[in-house]
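> This one is data22.tsv, TSV, N, CA and C atoms and all ligand atoms.
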chain	number	residue	atom	x	y	z
E	1	MET	N	123.56	19.10	53.36
E	1	MET	CA	122.43	18.18	53.24
E	1	MET	C	122.19	17.43	54.55
E	2	ASP	N	120.93	17.09	54.80
E	2	ASP	CA	120.59	16.36	56.03
E	2	ASP	C	121.12	14.94	56.02
E	3	SER	N	121.46	14.47	57.19
E	3	SER	CA	121.82	13.06	57.30
E	3	SER	C	120.56	12.21	57.19
E	4	ARG	N	120.75	10.95	56.96
E	4	ARG	CA	119.63	10.01	56.83
E	4	ARG	C	118.76	10.03	58.09
E	5	ILE	N	119.42	10.09	59.24
E	5	ILE	CA	118.69	10.09	60.51
E	5	ILE	C	117.87	11.36	60.66
E	6	GLN	N	118.47	12.49	60.28
E	6	GLN	CA	117.72	13.76	60.34
E	6	GLN	C	116.50	13.70	59.44
E	7	GLN	N	116.68	13.10	58.28
E	7	GLN	CA	115.55	12.98	57.34
E	7	GLN	C	114.42	12.15	57.96
E	8	LEU	N	114.80	11.04	58.57
E	8	LEU	CA	113.80	10.18	59.20
E	8	LEU	C	113.08	10.90	60.32
E	9	GLU	N	113.86	11.64	61.11
E	9	GLU	CA	113.26	12.37	62.23
E	9	GLU	C	112.26	13.41	61.72
E	10	ARG	N	112.65	14.07	60.63
E	10	ARG	CA	111.75	15.08	60.04
E	10	ARG	C	110.46	14.44	59.58
E	11	LYS	N	110.60	13.29	58.93
E	11	LYS	CA	109.43	12.58	58.41
E	11	LYS	C	108.50	12.14	59.55
E	12	GLN	N	109.13	11.67	60.63
E	12	GLN	CA	108.34	11.22	61.78
E	12	GLN	C	107.59	12.39	62.40
E	13	LYS	N	108.29	13.53	62.52
E	13	LYS	CA	107.66	14.72	63.08
E	13	LYS	C	106.51	15.17	62.19
E	14	LEU	N	106.76	15.16	60.87
E	14	LEU	CA	105.72	15.53	59.91
E	14	LEU	C	104.50	14.62	60.08
E	15	TYR	N	104.75	13.32	60.20
E	15	TYR	CA	103.66	12.36	60.32
E	15	TYR	C	102.82	12.65	61.56
E	16	LEU	N	103.50	12.89	62.69
E	16	LEU	CA	102.78	13.14	63.95
E	16	LEU	C	101.96	14.42	63.86
E	17	MET	N	102.53	15.46	63.24
E	17	MET	CA	101.79	16.71	63.10
E	17	MET	C	100.60	16.55	62.18
E	18	LEU	N	100.79	15.77	61.11
E	18	LEU	CA	99.68	15.53	60.18
E	18	LEU	C	98.56	14.77	60.88
E	19	ARG	N	98.95	13.82	61.73
E	19	ARG	CA	97.92	13.04	62.43
E	19	ARG	C	97.10	13.94	63.34
E	20	GLU	N	97.80	14.87	64.02
E	20	GLU	CA	97.08	15.82	64.87
E	20	GLU	C	96.13	16.67	64.04
E	21	GLN	N	96.62	17.13	62.89
E	21	GLN	CA	95.80	17.97	62.02
E	21	GLN	C	94.61	17.17	61.47
E	22	HIS	N	94.86	15.92	61.14
E	22	HIS	CA	93.80	15.03	60.66
E	22	HIS	C	92.69	14.93	61.71
E	23	ASP	N	93.08	14.69	62.96
E	23	ASP	CA	92.10	14.55	64.03
E	23	ASP	C	91.36	15.86	64.26
E	24	ALA	N	92.09	16.97	64.13
E	24	ALA	CA	91.46	18.28	64.31
E	24	ALA	C	90.42	18.53	63.22
E	25	GLU	N	90.75	18.16	61.99
E	25	GLU	CA	89.80	18.34	60.88
E	25	GLU	C	88.55	17.48	61.09
E	26	VAL	N	88.75	16.24	61.54
E	26	VAL	CA	87.61	15.36	61.80
E	26	VAL	C	86.72	15.96	62.89
E	27	LYS	N	87.37	16.52	63.92
E	27	LYS	CA	86.62	17.13	65.01
E	27	LYS	C	85.80	18.32	64.50
E	28	GLU	N	86.42	19.13	63.64
E	28	GLU	CA	85.70	20.26	63.05
E	28	GLU	C	84.49	19.77	62.25
E	29	LEU	N	84.71	18.72	61.46
E	29	LEU	CA	83.61	18.17	60.66
E	29	LEU	C	82.43	17.77	61.54
E	30	MET	N	82.74	17.07	62.63
E	30	MET	CA	81.69	16.64	63.56
E	30	MET	C	80.93	17.84	64.09
E	31	HIS	N	81.69	18.89	64.45
E	31	HIS	CA	81.07	20.08	65.01
E	31	HIS	C	80.13	20.74	63.98
E	32	TYR	N	80.63	20.91	62.74
E	32	TYR	CA	79.81	21.55	61.70
E	32	TYR	C	78.55	20.73	61.44
E	33	MET	N	78.72	19.40	61.43
E	33	MET	CA	77.55	18.55	61.20
E	33	MET	C	76.52	18.74	62.30
E	34	SER	N	77.00	18.88	63.55
E	34	SER	CA	76.05	18.96	64.66
E	34	SER	C	75.34	20.32	64.69
E	35	VAL	N	76.00	21.39	64.23
E	35	VAL	CA	75.31	22.68	64.25
E	35	VAL	C	74.35	22.83	63.07
E	36	LEU	N	74.60	22.07	62.01
E	36	LEU	CA	73.77	22.16	60.80
E	36	LEU	C	72.28	21.99	61.11
E	37	THR	N	71.99	21.12	62.06
E	37	THR	CA	70.61	20.84	62.44
E	37	THR	C	69.84	22.09	62.85
E	38	ASN	N	70.53	23.00	63.53
E	38	ASN	CA	69.83	24.15	64.11
E	38	ASN	C	69.85	25.38	63.23
E	39	VAL	N	70.35	25.23	62.01
E	39	VAL	CA	70.49	26.40	61.15
E	39	VAL	C	69.37	26.44	60.12
E	40	GLU	N	68.55	27.52	60.16
E	40	GLU	CA	67.47	27.67	59.20
E	40	GLU	C	67.92	28.53	58.02
E	41	ASN	N	68.75	29.53	58.32
E	41	ASN	CA	69.17	30.50	57.31
E	41	ASN	C	69.94	29.84	56.17
E	42	ASN	N	69.48	30.07	54.93
E	42	ASN	CA	70.07	29.38	53.78
E	42	ASN	C	71.52	29.75	53.53
E	43	LEU	N	71.86	31.04	53.72
E	43	LEU	CA	73.25	31.46	53.50
E	43	LEU	C	74.17	30.77	54.51
E	44	VAL	N	73.72	30.77	55.76
E	44	VAL	CA	74.54	30.15	56.81
E	44	VAL	C	74.70	28.65	56.53
E	45	ARG	N	73.60	28.03	56.11
E	45	ARG	CA	73.66	26.59	55.77
E	45	ARG	C	74.68	26.36	54.66
E	46	SER	N	74.61	27.22	53.65
E	46	SER	CA	75.49	27.04	52.51
E	46	SER	C	76.96	27.24	52.92
E	47	TYR	N	77.20	28.20	53.84
E	47	TYR	CA	78.56	28.36	54.36
E	47	TYR	C	79.02	27.10	55.09
E	48	ILE	N	78.13	26.55	55.90
E	48	ILE	CA	78.52	25.35	56.67
E	48	ILE	C	78.77	24.18	55.73
E	49	HIS	N	77.96	24.09	54.66
E	49	HIS	CA	78.19	23.03	53.66
E	49	HIS	C	79.58	23.18	53.04
E	50	THR	N	79.96	24.44	52.77
E	50	THR	CA	81.30	24.68	52.22
E	50	THR	C	82.38	24.23	53.20
E	51	LEU	N	82.19	24.57	54.48
E	51	LEU	CA	83.16	24.16	55.49
E	51	LEU	C	83.26	22.63	55.54
E	52	LEU	N	82.11	21.97	55.40
E	52	LEU	CA	82.08	20.50	55.45
E	52	LEU	C	82.78	19.88	54.24
E	53	THR	N	82.46	20.38	53.04
E	53	THR	CA	83.08	19.76	51.85
E	53	THR	C	84.58	20.06	51.81
E	54	ASP	N	84.96	21.29	52.20
E	54	ASP	CA	86.40	21.60	52.25
E	54	ASP	C	87.09	20.70	53.28
E	55	GLY	N	86.47	20.59	54.45
E	55	GLY	CA	87.06	19.78	55.52
E	55	GLY	C	87.24	18.34	55.09
E	56	LEU	N	86.23	17.81	54.41
E	56	LEU	CA	86.30	16.42	53.93
E	56	LEU	C	87.47	16.27	52.96
E	57	ARG	N	87.64	17.26	52.08
E	57	ARG	CA	88.75	17.21	51.13
E	57	ARG	C	90.09	17.28	51.86
E	58	HIS	N	90.16	18.13	52.89
E	58	HIS	CA	91.41	18.26	53.66
E	58	HIS	C	91.76	16.94	54.34
E	59	VAL	N	90.74	16.31	54.93
E	59	VAL	CA	90.97	15.02	55.59
E	59	VAL	C	91.51	14.01	54.58
E	60	GLU	N	90.91	14.04	53.38
E	60	GLU	CA	91.33	13.13	52.32
E	60	GLU	C	92.80	13.35	51.94
E	61	TYR	N	93.16	14.62	51.69
E	61	TYR	CA	94.54	14.93	51.30
E	61	TYR	C	95.52	14.52	52.39
E	62	ILE	N	95.20	14.92	53.62
E	62	ILE	CA	96.13	14.65	54.73
E	62	ILE	C	96.29	13.15	54.93
E	63	ALA	N	95.16	12.42	54.84
E	63	ALA	CA	95.23	10.97	55.02
E	63	ALA	C	96.08	10.33	53.93
E	64	ARG	N	96.01	10.90	52.73
E	64	ARG	CA	96.80	10.35	51.63
E	64	ARG	C	98.29	10.56	51.87
E	65	ILE	N	98.65	11.75	52.33
E	65	ILE	CA	100.06	12.03	52.62
E	65	ILE	C	100.55	11.11	53.73
E	66	MET	N	99.69	10.92	54.76
E	66	MET	CA	100.06	10.02	55.86
E	66	MET	C	100.26	8.60	55.36
E	67	ALA	N	99.37	8.15	54.48
E	67	ALA	CA	99.48	6.78	53.95
E	67	ALA	C	100.77	6.62	53.15
E	68	ASP	N	101.15	7.68	52.42
E	68	ASP	CA	102.41	7.64	51.68
E	68	ASP	C	103.58	7.45	52.63
E	69	ILE	N	103.56	8.20	53.73
E	69	ILE	CA	104.65	8.10	54.70
E	69	ILE	C	104.67	6.72	55.34
E	70	GLU	N	103.47	6.20	55.65
E	70	GLU	CA	103.38	4.87	56.25
E	70	GLU	C	103.87	3.78	55.30
E	71	GLY	N	103.77	4.07	54.01
E	71	GLY	CA	104.13	3.06	53.02
E	71	GLY	C	102.95	2.17	52.70
E	72	ALA	N	103.20	1.12	51.98
E	72	ALA	CA	102.13	0.27	51.46
E	72	ALA	C	101.30	-0.37	52.55
E	73	THR	N	101.83	-0.39	53.79
E	73	THR	CA	101.12	-1.05	54.88
E	73	THR	C	100.08	-0.13	55.51
E	74	GLY	N	99.94	1.09	54.96
E	74	GLY	CA	99.03	2.06	55.54
E	74	GLY	C	97.64	1.51	55.74
E	75	SER	N	96.96	2.03	56.77
E	75	SER	CA	95.66	1.48	57.13
E	75	SER	C	94.55	2.13	56.32
E	76	TYR	N	94.91	3.02	55.39
E	76	TYR	CA	93.87	3.73	54.67
E	76	TYR	C	93.48	3.04	53.36
E	77	HIS	N	94.10	1.88	53.11
E	77	HIS	CA	93.80	1.21	51.86
E	77	HIS	C	92.52	0.39	51.97
E	78	PHE	N	91.83	0.30	50.85
E	78	PHE	CA	90.63	-0.53	50.81
E	78	PHE	C	91.03	-2.00	50.82
E	79	THR	N	90.47	-2.73	51.74
E	79	THR	CA	90.67	-4.18	51.73
E	79	THR	C	89.31	-4.83	51.62
E	80	LYS	N	89.32	-6.08	51.15
E	80	LYS	CA	88.05	-6.82	51.04
E	80	LYS	C	87.37	-6.91	52.40
E	81	LYS	N	88.18	-7.12	53.45
E	81	LYS	CA	87.63	-7.26	54.79
E	81	LYS	C	87.01	-5.94	55.25
E	82	GLY	N	87.72	-4.84	55.00
E	82	GLY	CA	87.21	-3.52	55.37
E	82	GLY	C	85.90	-3.22	54.66
E	83	ILE	N	85.87	-3.56	53.37
E	83	ILE	CA	84.66	-3.31	52.58
E	83	ILE	C	83.50	-4.16	53.10
E	84	ALA	N	83.80	-5.42	53.43
E	84	ALA	CA	82.76	-6.30	53.96
E	84	ALA	C	82.17	-5.71	55.24
E	85	GLU	N	83.03	-5.13	56.09
E	85	GLU	CA	82.55	-4.50	57.32
E	85	GLU	C	81.65	-3.30	57.01
E	86	SER	N	82.10	-2.50	56.03
E	86	SER	CA	81.30	-1.33	55.63
E	86	SER	C	79.94	-1.76	55.11
E	87	ILE	N	79.92	-2.86	54.33
E	87	ILE	CA	78.65	-3.36	53.79
E	87	ILE	C	77.72	-3.73	54.95
E	88	GLU	N	78.27	-4.40	55.95
E	88	GLU	CA	77.46	-4.76	57.12
E	88	GLU	C	76.91	-3.51	57.80
E	89	ASP	N	77.77	-2.49	57.97
E	89	ASP	CA	77.34	-1.24	58.60
E	89	ASP	C	76.21	-0.58	57.80
E	90	GLU	N	76.38	-0.56	56.48
E	90	GLU	CA	75.36	0.06	55.63
E	90	GLU	C	74.04	-0.71	55.72
E	91	LYS	N	74.14	-2.04	55.76
E	91	LYS	CA	72.93	-2.86	55.87
E	91	LYS	C	72.22	-2.59	57.19
E	92	ASN	N	73.01	-2.48	58.27
E	92	ASN	CA	72.43	-2.15	59.56
E	92	ASN	C	71.73	-0.80	59.52
E	93	SER	N	72.41	0.19	58.93
E	93	SER	CA	71.81	1.53	58.82
E	93	SER	C	70.50	1.46	58.07
E	94	ARG	N	70.52	0.75	56.94
E	94	ARG	CA	69.30	0.64	56.12
E	94	ARG	C	68.16	0.04	56.95
E	95	ASP	N	68.45	-1.04	57.67
E	95	ASP	CA	67.40	-1.71	58.45
E	95	ASP	C	66.87	-0.80	59.56
E	96	ILE	N	67.80	-0.12	60.24
E	96	ILE	CA	67.39	0.76	61.33
E	96	ILE	C	66.52	1.90	60.80
E	97	LEU	N	66.95	2.47	59.65
E	97	LEU	CA	66.20	3.58	59.07
E	97	LEU	C	64.81	3.15	58.64
E	98	LEU	N	64.71	1.94	58.10
E	98	LEU	CA	63.39	1.43	57.70
E	98	LEU	C	62.49	1.26	58.92
E	99	LYS	N	63.08	0.76	60.01
E	99	LYS	CA	62.31	0.61	61.24
E	99	LYS	C	61.86	1.97	61.75
E	100	CYS	N	62.78	2.93	61.72
E	100	CYS	CA	62.44	4.30	62.15
E	100	CYS	C	61.31	4.86	61.29
E	101	ALA	N	61.39	4.63	59.98
E	101	ALA	CA	60.35	5.13	59.08
E	101	ALA	C	59.00	4.52	59.46
E	102	GLU	N	59.03	3.25	59.81
E	102	GLU	CA	57.80	2.57	60.21
E	102	GLU	C	57.23	3.21	61.48
E	103	LEU	N	58.12	3.47	62.45
E	103	LEU	CA	57.68	4.07	63.71
E	103	LEU	C	57.15	5.49	63.49
E	104	ALA	N	57.66	6.14	62.46
E	104	ALA	CA	57.27	7.53	62.20
E	104	ALA	C	56.14	7.61	61.17
E	105	SER	N	55.50	6.48	60.88
E	105	SER	CA	54.58	6.43	59.73
E	105	SER	C	53.41	7.41	59.84
E	106	GLU	N	53.12	7.88	61.07
E	106	GLU	CA	52.03	8.85	61.18
E	106	GLU	C	52.43	10.22	60.67
E	107	ASP	N	53.73	10.48	60.70
E	107	ASP	CA	54.26	11.73	60.15
E	107	ASP	C	54.81	11.43	58.76
E	108	ILE	N	53.98	11.70	57.74
E	108	ILE	CA	54.30	11.25	56.38
E	108	ILE	C	55.63	11.80	55.88
E	109	GLU	N	55.88	13.10	56.15
E	109	GLU	CA	57.11	13.73	55.63
E	109	GLU	C	58.35	13.10	56.27
E	110	THR	N	58.30	12.94	57.59
E	110	THR	CA	59.44	12.35	58.30
E	110	THR	C	59.69	10.93	57.81
E	111	ALA	N	58.62	10.15	57.68
E	111	ALA	CA	58.75	8.77	57.22
E	111	ALA	C	59.37	8.73	55.82
E	112	ALA	N	58.96	9.69	54.97
E	112	ALA	CA	59.48	9.72	53.60
E	112	ALA	C	60.98	10.04	53.59
E	113	ILE	N	61.40	10.99	54.43
E	113	ILE	CA	62.83	11.34	54.50
E	113	ILE	C	63.64	10.12	54.96
E	114	LEU	N	63.15	9.47	56.01
E	114	LEU	CA	63.88	8.31	56.55
E	114	LEU	C	63.96	7.20	55.51
E	115	LYS	N	62.87	7.00	54.78
E	115	LYS	CA	62.88	5.97	53.73
E	115	LYS	C	63.86	6.33	52.63
E	116	SER	N	63.91	7.61	52.27
E	116	SER	CA	64.82	8.01	51.19
E	116	SER	C	66.28	7.82	51.62
E	117	ILE	N	66.57	8.03	52.90
E	117	ILE	CA	67.95	7.77	53.36
E	117	ILE	C	68.24	6.27	53.26
E	118	SER	N	67.24	5.44	53.60
E	118	SER	CA	67.46	3.99	53.54
E	118	SER	C	67.68	3.55	52.09
E	119	VAL	N	67.03	4.23	51.14
E	119	VAL	CA	67.27	3.93	49.72
E	119	VAL	C	68.71	4.30	49.35
E	120	ASP	N	69.19	5.44	49.88
E	120	ASP	CA	70.60	5.81	49.66
E	120	ASP	C	71.53	4.73	50.21
E	121	GLU	N	71.22	4.23	51.39
E	121	GLU	CA	72.07	3.19	51.99
E	121	GLU	C	72.10	1.94	51.10
E	122	GLU	N	70.94	1.62	50.54
E	122	GLU	CA	70.85	0.50	49.61
E	122	GLU	C	71.81	0.73	48.44
E	123	HIS	N	71.83	1.96	47.95
E	123	HIS	CA	72.73	2.32	46.86
E	123	HIS	C	74.19	2.22	47.31
E	124	HIS	N	74.48	2.65	48.56
E	124	HIS	CA	75.85	2.55	49.09
E	124	HIS	C	76.30	1.09	49.14
E	125	ILE	N	75.37	0.20	49.48
E	125	ILE	CA	75.69	-1.23	49.53
E	125	ILE	C	76.11	-1.71	48.15
E	126	LYS	N	75.33	-1.29	47.13
E	126	LYS	CA	75.65	-1.69	45.75
E	126	LYS	C	77.03	-1.17	45.34
E	127	ILE	N	77.32	0.09	45.69
E	127	ILE	CA	78.63	0.68	45.36
E	127	ILE	C	79.74	-0.12	46.03
E	128	LEU	N	79.55	-0.44	47.32
E	128	LEU	CA	80.58	-1.18	48.06
E	128	LEU	C	80.77	-2.58	47.50
E	129	GLU	N	79.67	-3.21	47.08
E	129	GLU	CA	79.79	-4.55	46.48
E	129	GLU	C	80.59	-4.48	45.19
E	130	HIS	N	80.34	-3.42	44.42
E	130	HIS	CA	81.11	-3.25	43.18
E	130	HIS	C	82.58	-2.97	43.51
E	131	LEU	N	82.82	-2.11	44.51
E	131	LEU	CA	84.19	-1.82	44.95
E	131	LEU	C	84.92	-3.10	45.34
E	132	SER	N	84.20	-3.95	46.05
E	132	SER	CA	84.78	-5.21	46.50
E	132	SER	C	85.21	-6.07	45.31
E	133	GLU	N	84.36	-6.08	44.27
E	133	GLU	CA	84.73	-6.81	43.05
E	133	GLU	C	85.96	-6.20	42.41
E	134	LEU	N	86.02	-4.85	42.39
E	134	LEU	CA	87.17	-4.17	41.77
E	134	LEU	C	88.45	-4.47	42.53
E	135	VAL	N	88.37	-4.46	43.87
E	135	VAL	CA	89.54	-4.76	44.69
E	135	VAL	C	90.02	-6.18	44.39
E	136	GLU	N	89.04	-7.09	44.29
E	136	GLU	CA	89.35	-8.50	43.97
E	136	GLU	C	90.05	-8.60	42.60
E	137	ALA	N	89.50	-7.86	41.62
E	137	ALA	CA	90.00	-7.95	40.24
E	137	ALA	C	91.38	-7.34	40.11
E	138	SER	N	91.70	-6.34	40.96
E	138	SER	CA	92.98	-5.62	40.82
E	138	SER	C	94.14	-6.38	41.48
E	139	LYS	N	93.84	-7.53	42.08
E	139	LYS	CA	94.90	-8.28	42.76
E	139	LYS	C	95.88	-8.92	41.77
E	201	FE	FE	75.64	5.04	53.75
The structure in this file should be written as structure tokens.

Amino acid sequence: MDSRIQQLERKQKLYLMLREQHDAEVKELMHYMSVLTNVENNLVRSYIHTLLTDGLRHVEYIARIMADIEGATGSYHFTKKGIAESIEDEKNSRDILLKCAELASEDIETAAILKSISVDEEHHIKILEHLSELVEASK
């Protein structure tokens, strides 16, 4: 059986490798997102969507294993402060998108898409506000 020190070393090595893999997955996600814009073909789009949803799931799993190794102090936990920051970000996005929609008002379709994203952001704000209440209640 491994000594305690060997166990710790293994865990540390595992953590570092997972972090590298985590960053690699995030990088892949960014790349797939950026190529999505230029893809017209439906099959290719659907493949890229699969790569994106799988990648997102992988990032989630890996982050969870990392948080377990880090222990309760892991940075992946929802905090009221973190949620408050996300709410601010979502509000900023909503406002910027509304401004963009206004600037694009001559192009009705573009303006409509931008407005619909801003409505989604509004919904994200509501979800985050509810999450914040849940975090508060679970204390
Ligand atoms: Fe959002």
> Just list the residues in segment 20-138 of chain E DSSP gives alpha helix (DSSP H) on the backbone, as a count of residues only.
100
> Write as a PDB file with N, CA and C atoms, keeping the file's coordinate frame the residues around ligand FE 201 (chain E), taking 9 Å as the cut-off and counting only C-alpha atoms and all ligand atoms.

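result_32.pdb was written with the following content:
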ATOM      1  N   SER E  86      82.100  -2.500  56.030  1.00  0.00           N
ATOM      2  CA  SER E  86      81.300  -1.330  55.630  1.00  0.00           C
ATOM      3  C   SER E  86      79.940  -1.760  55.110  1.00  0.00           C
ATOM      4  N   ILE E  87      79.920  -2.860  54.330  1.00  0.00           N
ATOM      5  CA  ILE E  87      78.650  -3.360  53.790  1.00  0.00           C
ATOM      6  C   ILE E  87      77.720  -3.730  54.950  1.00  0.00           C
ATOM      7  N   ASP E  89      77.770  -2.490  57.970  1.00  0.00           N
ATOM      8  CA  ASP E  89      77.340  -1.240  58.600  1.00  0.00           C
ATOM      9  C   ASP E  89      76.210  -0.580  57.800  1.00  0.00           C
ATOM     10  N   GLU E  90      76.380  -0.560  56.480  1.00  0.00           N
ATOM     11  CA  GLU E  90      75.360   0.060  55.630  1.00  0.00           C
ATOM     12  C   GLU E  90      74.040  -0.710  55.720  1.00  0.00           C
ATOM     13  N   LYS E  91      74.140  -2.040  55.760  1.00  0.00           N
ATOM     14  CA  LYS E  91      72.930  -2.860  55.870  1.00  0.00           C
ATOM     15  C   LYS E  91      72.220  -2.590  57.190  1.00  0.00           C
ATOM     16  N   SER E  93      72.410   0.190  58.930  1.00  0.00           N
ATOM     17  CA  SER E  93      71.810   1.530  58.820  1.00  0.00           C
ATOM     18  C   SER E  93      70.500   1.460  58.070  1.00  0.00           C
ATOM     19  N   ARG E  94      70.520   0.750  56.940  1.00  0.00           N
ATOM     20  CA  ARG E  94      69.300   0.640  56.120  1.00  0.00           C
ATOM     21  C   ARG E  94      68.160   0.040  56.950  1.00  0.00           C
ATOM     22  N   ILE E 117      66.570   8.030  52.900  1.00  0.00           N
ATOM     23  CA  ILE E 117      67.950   7.770  53.360  1.00  0.00           C
ATOM     24  C   ILE E 117      68.240   6.270  53.260  1.00  0.00           C
ATOM     25  N   SER E 118      67.240   5.440  53.600  1.00  0.00           N
ATOM     26  CA  SER E 118      67.460   3.990  53.540  1.00  0.00           C
ATOM     27  C   SER E 118      67.680   3.550  52.090  1.00  0.00           C
ATOM     28  N   ASP E 120      69.190   5.440  49.880  1.00  0.00           N
ATOM     29  CA  ASP E 120      70.600   5.810  49.660  1.00  0.00           C
ATOM     30  C   ASP E 120      71.530   4.730  50.210  1.00  0.00           C
ATOM     31  N   GLU E 121      71.220   4.230  51.390  1.00  0.00           N
ATOM     32  CA  GLU E 121      72.070   3.190  51.990  1.00  0.00           C
ATOM     33  C   GLU E 121      72.100   1.940  51.100  1.00  0.00           C
ATOM     34  N   GLU E 122      70.940   1.620  50.540  1.00  0.00           N
ATOM     35  CA  GLU E 122      70.850   0.500  49.610  1.00  0.00           C
ATOM     36  C   GLU E 122      71.810   0.730  48.440  1.00  0.00           C
ATOM     37  N   HIS E 123      71.830   1.960  47.950  1.00  0.00           N
ATOM     38  CA  HIS E 123      72.730   2.320  46.860  1.00  0.00           C
ATOM     39  C   HIS E 123      74.190   2.220  47.310  1.00  0.00           C
ATOM     40  N   HIS E 124      74.480   2.650  48.560  1.00  0.00           N
ATOM     41  CA  HIS E 124      75.850   2.550  49.090  1.00  0.00           C
ATOM     42  C   HIS E 124      76.300   1.090  49.140  1.00  0.00           C
ATOM     43  N   ILE E 125      75.370   0.200  49.480  1.00  0.00           N
ATOM     44  CA  ILE E 125      75.690  -1.230  49.530  1.00  0.00           C
ATOM     45  C   ILE E 125      76.110  -1.710  48.150  1.00  0.00           C
TER      46      ILE E 125
END
> Give me, please, the distance in Å between atom C of Arg19 of chain E and atom CA of Asp68 of chain E, quoted to one decimal.
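Result for atom C of Arg19 of chain E versus atom CA of Asp68 of chain E: 14.3 Å, one decimal.
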> Work out how far atom CA of Gln12 of chain E is from atom N of Ile65 of chain E, in Å to one decimal.
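Separation of atom N of Ile65 of chain E and atom CA of Gln12 of chain E: 13.5 Å.
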> For atom C of Ser132 of chain E and atom CA of Lys80 of chain E, quote the distance in Å rounded to one decimal.
6.4 Å
> With a distance cut-off of 6.5 Å and only N, CA and C atoms, select the neighbouring residues of segment 49-63 of chain E, excluding the residue or stretch itself and same-chain residues fewer than 4 positions from it, and output the selection as a PyMOL selection string.
chain E and resi 22+25-26+29+44-45+67-68
